[in-house]
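A short write-up of the structure that comes next.
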Amino acid sequence: MAVVLGLVLLITGSQVLLKGAIGIAESFGVSEAVIGLTLVAVGTSLPELSISVIAAFRRHADVAIGNVLGSNIFNLLGILGISALLQPLPVPERILQFDQWVMLGTSLILLLFLYTDRRLSRIEGGLLLLGYGVYVSLSFTVFGT
């Protein structure tokens, strides 16, 4: 019974999040893609953030990095694959022209960071966080509409 209730609440919460994100996008004149790539992405990634922070404080770097990489790989291949099986997904031009290249570049930078010293330093973490700030800023200013 708890599983069924949890599933119902998850689906209801997802619908509320989606409708709220679309409402925010429409009221501020921001594209739905930008809202999805920033606000919704942060909101749905908070569980991974909390687990990764706890793992980092406990010096379990393998759990922290594995959690983030595993979650992203599953989202890209699993969730996107299932969604496209159920309903073909049109890809907005903005994602083709900007976001996929940011994701590719970030992946290459992360690969370089992880292979240079076999660890992610505070400076490299700060650079990644700064890069995300620049990405969000560009998303809302340049590509917001």
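Within each chain, counting starts at residue 1; across the structure tokens, chains are named A, B, ... in the order shown, with ligands numbered 1 upward in that order.
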query = Which neighbours of region 109-122 of chain A fall inside 12 Å, counting only C-alpha atoms, when residues of the same chain fewer than 3 positions from it are skipped, and could you give them as a list in words?
reply =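 Selected residues are Ala56, Ala61, Asp62, Ala64, Ile65, Val68, Leu69, Val102, Met103, Leu104, Gly105, Thr106, Gly125, Gly126, Leu127, Leu128, Leu129, Leu130 and Gly131 of chain A.
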key: Selection: 12 Å around Thr44 (chain A), only C-alpha atoms, excl. self and same-chain fewer than 2 positions, as a list of chain:residue names   =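 Non-adjacent residues within range: A:Leu10, A:Gly13, A:Ser14, A:Leu17, A:Leu18, A:Gly36, A:Leu37, A:Thr38, A:Leu39, A:Val40, A:Ala41, A:Val42, A:Leu46, A:Pro47, A:Glu48, A:Leu49, A:Ser50, A:Ser71, A:Asn72, A:Asn75.
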Output N, CA, C and O atoms for every residue in that selection, as a PDB file, in the first residue's frame.
ATOM      1  N   LEU A  10       4.317  10.682  -6.070  1.00  0.00           N
ATOM      2  CA  LEU A  10       5.396  11.029  -6.996  1.00  0.00           C
ATOM      3  C   LEU A  10       4.831  11.572  -8.304  1.00  0.00           C
ATOM      4  O   LEU A  10       5.290  12.607  -8.808  1.00  0.00           O
ATOM      5  N   GLY A  13       3.229  14.994  -7.608  1.00  0.00           N
ATOM      6  CA  GLY A  13       4.273  15.998  -7.418  1.00  0.00           C
ATOM      7  C   GLY A  13       4.959  16.371  -8.721  1.00  0.00           C
ATOM      8  O   GLY A  13       5.269  17.544  -8.961  1.00  0.00           O
ATOM      9  N   SER A  14       5.170  15.391  -9.572  1.00  0.00           N
ATOM     10  CA  SER A  14       5.783  15.653 -10.880  1.00  0.00           C
ATOM     11  C   SER A  14       4.889  16.547 -11.728  1.00  0.00           C
ATOM     12  O   SER A  14       5.372  17.454 -12.411  1.00  0.00           O
ATOM     13  N   LEU A  17       5.102  20.077 -10.320  1.00  0.00           N
ATOM     14  CA  LEU A  17       6.385  20.674 -10.691  1.00  0.00           C
ATOM     15  C   LEU A  17       6.374  21.105 -12.150  1.00  0.00           C
ATOM     16  O   LEU A  17       6.783  22.217 -12.486  1.00  0.00           O
ATOM     17  N   LEU A  18       5.887  20.256 -13.027  1.00  0.00           N
ATOM     18  CA  LEU A  18       5.864  20.566 -14.452  1.00  0.00           C
ATOM     19  C   LEU A  18       4.948  21.753 -14.748  1.00  0.00           C
ATOM     20  O   LEU A  18       5.336  22.685 -15.462  1.00  0.00           O
ATOM     21  N   GLY A  36      13.470  24.225 -17.820  1.00  0.00           N
ATOM     22  CA  GLY A  36      13.777  22.806 -17.639  1.00  0.00           C
ATOM     23  C   GLY A  36      15.252  22.543 -17.415  1.00  0.00           C
ATOM     24  O   GLY A  36      15.633  21.703 -16.600  1.00  0.00           O
ATOM     25  N   LEU A  37      16.095  23.273 -18.125  1.00  0.00           N
ATOM     26  CA  LEU A  37      17.538  23.072 -18.026  1.00  0.00           C
ATOM     27  C   LEU A  37      18.152  23.703 -16.782  1.00  0.00           C
ATOM     28  O   LEU A  37      19.292  23.407 -16.449  1.00  0.00           O
ATOM     29  N   THR A  38      17.400  24.557 -16.097  1.00  0.00           N
ATOM     30  CA  THR A  38      17.955  25.218 -14.915  1.00  0.00           C
ATOM     31  C   THR A  38      17.145  24.876 -13.668  1.00  0.00           C
ATOM     32  O   THR A  38      17.545  24.028 -12.880  1.00  0.00           O
ATOM     33  N   LEU A  39      15.987  25.497 -13.490  1.00  0.00           N
ATOM     34  CA  LEU A  39      15.223  25.346 -12.256  1.00  0.00           C
ATOM     35  C   LEU A  39      14.756  23.911 -12.013  1.00  0.00           C
ATOM     36  O   LEU A  39      14.918  23.372 -10.915  1.00  0.00           O
ATOM     37  N   VAL A  40      14.160  23.294 -13.012  1.00  0.00           N
ATOM     38  CA  VAL A  40      13.669  21.923 -12.842  1.00  0.00           C
ATOM     39  C   VAL A  40      14.846  20.969 -12.638  1.00  0.00           C
ATOM     40  O   VAL A  40      14.788  20.068 -11.798  1.00  0.00           O
ATOM     41  N   ALA A  41      15.927  21.182 -13.379  1.00  0.00           N
ATOM     42  CA  ALA A  41      17.099  20.310 -13.243  1.00  0.00           C
ATOM     43  C   ALA A  41      17.695  20.403 -11.837  1.00  0.00           C
ATOM     44  O   ALA A  41      18.044  19.386 -11.236  1.00  0.00           O
ATOM     45  N   VAL A  42      17.785  21.603 -11.289  1.00  0.00           N
ATOM     46  CA  VAL A  42      18.306  21.760  -9.930  1.00  0.00           C
ATOM     47  C   VAL A  42      17.366  21.096  -8.934  1.00  0.00           C
ATOM     48  O   VAL A  42      17.801  20.367  -8.038  1.00  0.00           O
ATOM     49  N   LEU A  46      18.489  17.706  -6.367  1.00  0.00           N
ATOM     50  CA  LEU A  46      18.788  17.939  -4.949  1.00  0.00           C
ATOM     51  C   LEU A  46      19.043  16.649  -4.167  1.00  0.00           C
ATOM     52  O   LEU A  46      19.932  16.630  -3.308  1.00  0.00           O
ATOM     53  N   PRO A  47      18.322  15.548  -4.432  1.00  0.00           N
ATOM     54  CA  PRO A  47      18.671  14.309  -3.720  1.00  0.00           C
ATOM     55  C   PRO A  47      20.101  13.842  -4.015  1.00  0.00           C
ATOM     56  O   PRO A  47      20.824  13.428  -3.099  1.00  0.00           O
ATOM     57  N   GLU A  48      20.540  13.932  -5.270  1.00  0.00           N
ATOM     58  CA  GLU A  48      21.916  13.561  -5.604  1.00  0.00           C
ATOM     59  C   GLU A  48      22.913  14.488  -4.921  1.00  0.00           C
ATOM     60  O   GLU A  48      23.964  14.050  -4.458  1.00  0.00           O
ATOM     61  N   LEU A  49      22.573  15.770  -4.854  1.00  0.00           N
ATOM     62  CA  LEU A  49      23.456  16.731  -4.189  1.00  0.00           C
ATOM     63  C   LEU A  49      23.628  16.380  -2.720  1.00  0.00           C
ATOM     64  O   LEU A  49      24.756  16.351  -2.213  1.00  0.00           O
ATOM     65  N   SER A  50      22.526  16.100  -2.041  1.00  0.00           N
ATOM     66  CA  SER A  50      22.634  15.800  -0.613  1.00  0.00           C
ATOM     67  C   SER A  50      23.431  14.522  -0.361  1.00  0.00           C
ATOM     68  O   SER A  50      24.283  14.479   0.538  1.00  0.00           O
ATOM     69  N   SER A  71      23.742   8.884 -11.975  1.00  0.00           N
ATOM     70  CA  SER A  71      22.455   9.551 -12.125  1.00  0.00           C
ATOM     71  C   SER A  71      22.332  10.204 -13.498  1.00  0.00           C
ATOM     72  O   SER A  71      21.295  10.101 -14.157  1.00  0.00           O
ATOM     73  N   ASN A  72      23.396  10.873 -13.923  1.00  0.00           N
ATOM     74  CA  ASN A  72      23.346  11.541 -15.226  1.00  0.00           C
ATOM     75  C   ASN A  72      23.296  10.552 -16.378  1.00  0.00           C
ATOM     76  O   ASN A  72      22.571  10.755 -17.353  1.00  0.00           O
ATOM     77  N   ASN A  75      19.782   9.193 -16.423  1.00  0.00           N
ATOM     78  CA  ASN A  75      18.845  10.176 -16.960  1.00  0.00           C
ATOM     79  C   ASN A  75      18.957  10.296 -18.474  1.00  0.00           C
ATOM     80  O   ASN A  75      17.954  10.356 -19.178  1.00  0.00           O
TER      81      ASN A  75
END
Helix (DSSP H, G or I) positions in chain A, given as a ChimeraX atom specification = /A:2-28,32-57,61-86,93-116,122-141
Could those residues be written to a file, using C-alpha atoms, as a compact mmCIF listing (two decimals), in the first residue's frame?
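As a result, out_25.txt now contains:
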# COMPACT_ATOMS: atom_id res chain seq x y z
CA ALA A 2 2.85 2.40 0.85
CA VAL A 3 4.43 1.81 -2.56
CA VAL A 4 1.18 2.64 -4.37
CA LEU A 5 0.69 5.76 -2.25
CA GLY A 6 4.31 6.79 -2.90
CA LEU A 7 3.85 6.31 -6.64
CA VAL A 8 0.65 8.36 -6.64
CA LEU A 9 2.36 11.15 -4.68
CA LEU A 10 5.40 11.03 -7.00
CA ILE A 11 3.23 11.36 -10.11
CA THR A 12 1.15 14.13 -8.53
CA GLY A 13 4.27 16.00 -7.42
CA SER A 14 5.78 15.65 -10.88
CA GLN A 15 2.66 17.10 -12.46
CA VAL A 16 2.67 20.04 -10.01
CA LEU A 17 6.38 20.67 -10.69
CA LEU A 18 5.86 20.57 -14.45
CA LYS A 19 2.82 22.86 -14.42
CA GLY A 20 4.57 25.26 -12.04
CA ALA A 21 7.70 25.37 -14.21
CA ILE A 22 5.63 26.07 -17.33
CA GLY A 23 3.72 28.77 -15.46
CA ILE A 24 6.96 30.43 -14.32
CA ALA A 25 8.35 30.28 -17.85
CA GLU A 26 5.22 31.84 -19.33
CA SER A 27 4.88 34.58 -16.71
CA PHE A 28 8.50 35.74 -17.09
CA GLU A 32 10.35 26.23 -21.27
CA ALA A 33 13.71 24.77 -22.31
CA VAL A 34 15.58 27.26 -20.12
CA ILE A 35 13.33 26.55 -17.13
CA GLY A 36 13.78 22.81 -17.64
CA LEU A 37 17.54 23.07 -18.03
CA THR A 38 17.95 25.22 -14.91
CA LEU A 39 15.22 25.35 -12.26
CA VAL A 40 13.67 21.92 -12.84
CA ALA A 41 17.10 20.31 -13.24
CA VAL A 42 18.31 21.76 -9.93
CA GLY A 43 15.11 20.74 -8.17
CA THR A 44 15.28 17.16 -9.36
CA SER A 45 19.02 16.92 -8.61
CA LEU A 46 18.79 17.94 -4.95
CA PRO A 47 18.67 14.31 -3.72
CA GLU A 48 21.92 13.56 -5.60
CA LEU A 49 23.46 16.73 -4.19
CA SER A 50 22.63 15.80 -0.61
CA ILE A 51 23.96 12.24 -1.00
CA SER A 52 27.13 13.47 -2.70
CA VAL A 53 27.80 16.10 -0.03
CA ILE A 54 27.32 13.54 2.76
CA ALA A 55 29.59 11.07 0.94
CA ALA A 56 32.25 13.74 0.42
CA PHE A 57 32.21 14.72 4.10
CA ALA A 61 34.65 10.03 -3.00
CA ASP A 62 33.75 6.97 -5.04
CA VAL A 63 30.15 7.20 -3.84
CA ALA A 64 29.97 10.95 -4.49
CA ILE A 65 31.35 10.79 -8.04
CA GLY A 66 29.59 7.51 -8.85
CA ASN A 67 26.27 8.93 -7.68
CA VAL A 68 26.53 12.00 -9.88
CA LEU A 69 27.84 10.18 -12.95
CA GLY A 70 25.45 7.27 -12.52
CA SER A 71 22.46 9.55 -12.13
CA ASN A 72 23.35 11.54 -15.23
CA ILE A 73 24.02 8.46 -17.33
CA PHE A 74 20.71 6.93 -16.23
CA ASN A 75 18.84 10.18 -16.96
CA LEU A 76 20.38 10.47 -20.42
CA LEU A 77 20.07 6.86 -21.49
CA GLY A 78 17.28 5.44 -19.36
CA ILE A 79 14.80 8.24 -18.76
CA LEU A 80 15.32 9.93 -22.12
CA GLY A 81 15.15 6.55 -23.87
CA ILE A 82 11.91 5.53 -22.15
CA SER A 83 10.37 8.95 -22.80
CA ALA A 84 11.25 8.78 -26.50
CA LEU A 85 9.83 5.26 -26.73
CA LEU A 86 6.52 6.47 -25.33
CA GLU A 93 16.92 24.35 -31.69
CA ARG A 94 18.50 26.00 -28.64
CA ILE A 95 19.53 22.60 -27.27
CA LEU A 96 21.08 21.61 -30.59
CA GLN A 97 22.96 24.88 -30.97
CA PHE A 98 24.09 25.51 -27.38
CA ASP A 99 23.27 23.08 -24.60
CA GLN A 100 24.59 19.86 -26.13
CA TRP A 101 27.93 21.57 -26.74
CA VAL A 102 28.07 22.86 -23.17
CA MET A 103 27.34 19.33 -21.94
CA LEU A 104 30.02 17.84 -24.20
CA GLY A 105 32.58 20.46 -23.19
CA THR A 106 31.79 20.02 -19.51
CA SER A 107 32.14 16.25 -19.82
CA LEU A 108 35.55 16.65 -21.44
CA ILE A 109 36.68 19.12 -18.76
CA LEU A 110 35.50 16.76 -16.02
CA LEU A 111 37.32 13.88 -17.71
CA LEU A 112 40.50 15.97 -17.80
CA PHE A 113 40.08 16.96 -14.12
CA LEU A 114 39.55 13.36 -13.02
CA TYR A 115 42.49 11.97 -15.00
CA THR A 116 45.13 14.62 -14.28
CA ARG A 122 38.55 22.23 -4.49
CA ILE A 123 39.78 24.57 -7.21
CA GLU A 124 38.43 22.28 -9.94
CA GLY A 125 35.13 21.96 -8.06
CA GLY A 126 34.99 25.73 -7.80
CA LEU A 127 35.66 26.06 -11.52
CA LEU A 128 32.84 23.62 -12.29
CA LEU A 129 30.47 25.56 -10.02
CA LEU A 130 31.55 28.85 -11.60
CA GLY A 131 30.97 27.31 -15.03
CA TYR A 132 27.45 26.34 -14.00
CA GLY A 133 26.82 29.89 -12.83
CA VAL A 134 27.97 31.24 -16.20
CA TYR A 135 25.80 28.66 -17.99
CA VAL A 136 22.70 29.64 -15.99
CA SER A 137 23.42 33.33 -16.51
CA LEU A 138 23.80 32.86 -20.26
CA SER A 139 20.69 30.71 -20.35
CA PHE A 140 18.53 33.44 -18.84
CA THR A 141 20.11 36.46 -20.50
